[in-house]
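To start, the structure under review is shown below, and the notes come after it.
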Amino acid sequence: MDEIIANNFQELCRYTSEKCAQSLVSYLNEILLINEHINLTSISDFQKACLLHLEDSLVALPDMKAAAEGNYCDIGCGGGFPGVVLGAASGRETHLVDSRAKKIRVVSEAIQKSRIDDFATFKGYAERIEDFSAKHRGQYAVVTARALSSLPSLLELAAPLLAKGGTFIALKSIIDAEEEEWGMSLLDMLGLELVNKRELELSDGVTQRVIYSFKKTGKCRIKLPRRVSLAQKSPLKPT
């Protein structure tokens, strides 16, 4: 293991086994190689990518471990963060959803090359989230989203996918009070409740994150999903 990888490896092993961490590093290397030809991430430096993709995904693992057993879905998976990382570290069957078929294809290739599928079963779906959730309503014990949209939009997109008692984990940078208040005002409408909020710093001592965990406790009081893109373009308002 070269020096750059070794500098980050110990931090990853705080969350998962050494063998899994090694495969995650291999997966990240594959993604960065692919990224030279296909835009998957704006980060090209390995050390920075290890912090902002691998560690930044693994910090949500305690929330996933606290969730009910069952399948896991990552919406807007991009280069596979956090979906591939949390799927491997948790061992849950993982469904990766992204509207861009090219991203699903290359993520699947990187999973195979890095042998990350030794740790979990992965399935990719090249669909808009709204179309996917109409077909897979109420099927997931865990849903995650990272750096995808505002909290109100994410709550709307995740709610129809969750089984009763399922958990939605939103990985966010520190957000302003207005965005958080807006999101919380929608919980009753969406059949959700906040069960945990954690603010933390990554190992660089600078990068701040907040992780929200919401539980599906009842039925949505509106028909979801709405039409494609409405969650982002015209977010729900509290009634």
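Residues in the structure tokens are named by chain (A, B, ... in the order shown) and by number from 1 within that chain; ligands are numbered from 1 in the order shown.
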
So that I can check the secondary structure, give me every residue of range 71-212 of chain A assigned alpha helix (DSSP H) by backbone DSSP, as a ChimeraX atom specification. /A:83-90,101-114,129-135,151-158,177-185,187-190

Fewer than 6 positions away in the same chain doesn't count, so skip those; otherwise give me all residues within 10 Å of Gln208 in chain A, counting only C-alpha atoms, as an mmCIF file with all heavy atoms, in the first residue's frame.
```cif
data_model
loop_
_atom_site.group_PDB
_atom_site.id
_atom_site.type_symbol
_atom_site.label_atom_id
_atom_site.label_comp_id
_atom_site.auth_asym_id
_atom_site.auth_seq_id
_atom_site.Cartn_x
_atom_site.Cartn_y
_atom_site.Cartn_z
ATOM 1 N N ASP A 56 -16.517 10.495 3.988
ATOM 2 C CA ASP A 56 -17.752 11.280 4.046
ATOM 3 C C ASP A 56 -18.992 10.408 3.873
ATOM 4 O O ASP A 56 -20.084 10.780 4.295
ATOM 5 C CB ASP A 56 -17.715 12.363 2.961
ATOM 6 C CG ASP A 56 -18.749 13.455 3.193
ATOM 7 O OD1 ASP A 56 -19.163 13.643 4.344
ATOM 8 O OD2 ASP A 56 -19.134 14.113 2.220
ATOM 9 N N LYS A 172 -25.682 15.849 4.554
ATOM 10 C CA LYS A 172 -25.670 17.228 4.102
ATOM 11 C C LYS A 172 -24.469 17.981 4.658
ATOM 12 O O LYS A 172 -23.928 17.644 5.713
ATOM 13 C CB LYS A 172 -26.937 17.950 4.585
ATOM 14 C CG LYS A 172 -28.246 17.349 4.108
ATOM 15 C CD LYS A 172 -28.569 17.765 2.686
ATOM 16 C CE LYS A 172 -28.943 19.224 2.610
ATOM 17 N NZ LYS A 172 -29.255 19.641 1.211
ATOM 18 N N SER A 173 -24.061 19.025 3.923
ATOM 19 C CA SER A 173 -23.229 20.039 4.540
ATOM 20 C C SER A 173 -24.098 20.793 5.542
ATOM 21 O O SER A 173 -25.321 20.655 5.536
ATOM 22 C CB SER A 173 -22.698 21.003 3.480
ATOM 23 O OG SER A 173 -21.904 20.318 2.531
ATOM 24 N N ILE A 174 -23.473 21.549 6.417
ATOM 25 C CA ILE A 174 -24.259 22.326 7.374
ATOM 26 C C ILE A 174 -25.209 23.245 6.601
ATOM 27 O O ILE A 174 -24.791 23.988 5.707
ATOM 28 C CB ILE A 174 -23.335 23.156 8.291
ATOM 29 C CG1 ILE A 174 -22.396 22.237 9.082
ATOM 30 C CG2 ILE A 174 -24.165 24.021 9.233
ATOM 31 C CD1 ILE A 174 -23.086 21.261 10.003
ATOM 32 N N GLU A 199 -24.210 16.448 14.016
ATOM 33 C CA GLU A 199 -23.271 17.361 13.387
ATOM 34 C C GLU A 199 -21.864 16.877 13.718
ATOM 35 O O GLU A 199 -21.580 16.505 14.864
ATOM 36 C CB GLU A 199 -23.480 18.793 13.877
ATOM 37 C CG GLU A 199 -24.834 19.361 13.471
ATOM 38 C CD GLU A 199 -25.003 20.814 13.868
ATOM 39 O OE1 GLU A 199 -24.008 21.437 14.303
ATOM 40 O OE2 GLU A 199 -26.132 21.327 13.752
ATOM 41 N N LEU A 200 -20.985 16.872 12.726
ATOM 42 C CA LEU A 200 -19.651 16.323 12.936
ATOM 43 C C LEU A 200 -18.643 16.977 12.012
ATOM 44 O O LEU A 200 -19.003 17.684 11.072
ATOM 45 C CB LEU A 200 -19.664 14.801 12.709
ATOM 46 C CG LEU A 200 -20.243 14.296 11.388
ATOM 47 C CD1 LEU A 200 -19.154 14.169 10.332
ATOM 48 C CD2 LEU A 200 -20.961 12.972 11.569
ATOM 49 N N GLU A 201 -17.364 16.736 12.304
ATOM 50 C CA GLU A 201 -16.273 17.141 11.430
ATOM 51 C C GLU A 201 -15.591 15.891 10.908
ATOM 52 O O GLU A 201 -15.449 14.890 11.626
ATOM 53 C CB GLU A 201 -15.247 17.982 12.194
ATOM 54 C CG GLU A 201 -15.682 19.389 12.505
ATOM 55 C CD GLU A 201 -14.582 20.195 13.189
ATOM 56 O OE1 GLU A 201 -13.553 19.590 13.575
ATOM 57 O OE2 GLU A 201 -14.739 21.408 13.324
ATOM 58 N N LEU A 202 -15.165 15.933 9.644
ATOM 59 C CA LEU A 202 -14.364 14.851 9.103
ATOM 60 C C LEU A 202 -12.961 14.918 9.698
ATOM 61 O O LEU A 202 -12.618 15.846 10.439
ATOM 62 C CB LEU A 202 -14.325 14.926 7.579
ATOM 63 C CG LEU A 202 -15.688 14.843 6.871
ATOM 64 C CD1 LEU A 202 -15.491 14.785 5.362
ATOM 65 C CD2 LEU A 202 -16.512 13.663 7.350
#
```

Could you give me, as a tab-separated table, a per-residue list for range 44-160 of chain A showing, wherever an atom lies at most 10 Å from an atom of range 225-236 of chain A, the closest pair of atoms and their distance in Å to one decimal, using only C-alpha atoms and sorting by chain then residue number from low to high?
```
residue	atom	partner	partner_atom	distance
A:Arg128	CA	A:Val228	CA	7.3
A:Ile129	CA	A:Val228	CA	7.9
A:Glu130	CA	A:Pro225	CA	5.5
A:Asp131	CA	A:Val228	CA	7.6
A:Phe132	CA	A:Pro225	CA	9.4
A:Ser133	CA	A:Pro225	CA	6.9
A:Ala134	CA	A:Pro225	CA	6.5
A:Arg137	CA	A:Pro225	CA	9.2
A:Leu148	CA	A:Gln232	CA	9.9
A:Ser149	CA	A:Gln232	CA	7.1
A:Ser150	CA	A:Gln232	CA	7.8
A:Leu151	CA	A:Pro235	CA	9.8
A:Pro152	CA	A:Pro235	CA	6.6
A:Ser153	CA	A:Ala231	CA	5.0
A:Leu154	CA	A:Ala231	CA	7.9
A:Leu155	CA	A:Ala231	CA	9.1
A:Glu156	CA	A:Ala231	CA	6.6
A:Leu157	CA	A:Ala231	CA	7.0
A:Ala158	CA	A:Pro225	CA	9.3
A:Ala159	CA	A:Pro225	CA	8.8
A:Pro160	CA	A:Pro225	CA	6.8
```

Ranking A:Leu187, A:Val97, A:Val195, A:Leu61 by minimum distance to Arg221 in chain A and counting only C-alpha atoms, which one comes first? A:Leu187

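Relative to CA of Ala67 in chain A, CA of Leu194 in chain A is found at 13.0 Å.
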
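Distances here use only C-alpha atoms; by that measure, the residue among A:Met189, A:Ile169, A:Ser23, A:Arg100 closest to Gly83 in chain A is A:Ile169.
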
Based on DSSP run over this structure's backbone, return all residues of range 53-172 of chain A in strand (DSSP E), as a ChimeraX atom specification. /A:72-75,94-98,122-126,140-146,162-172
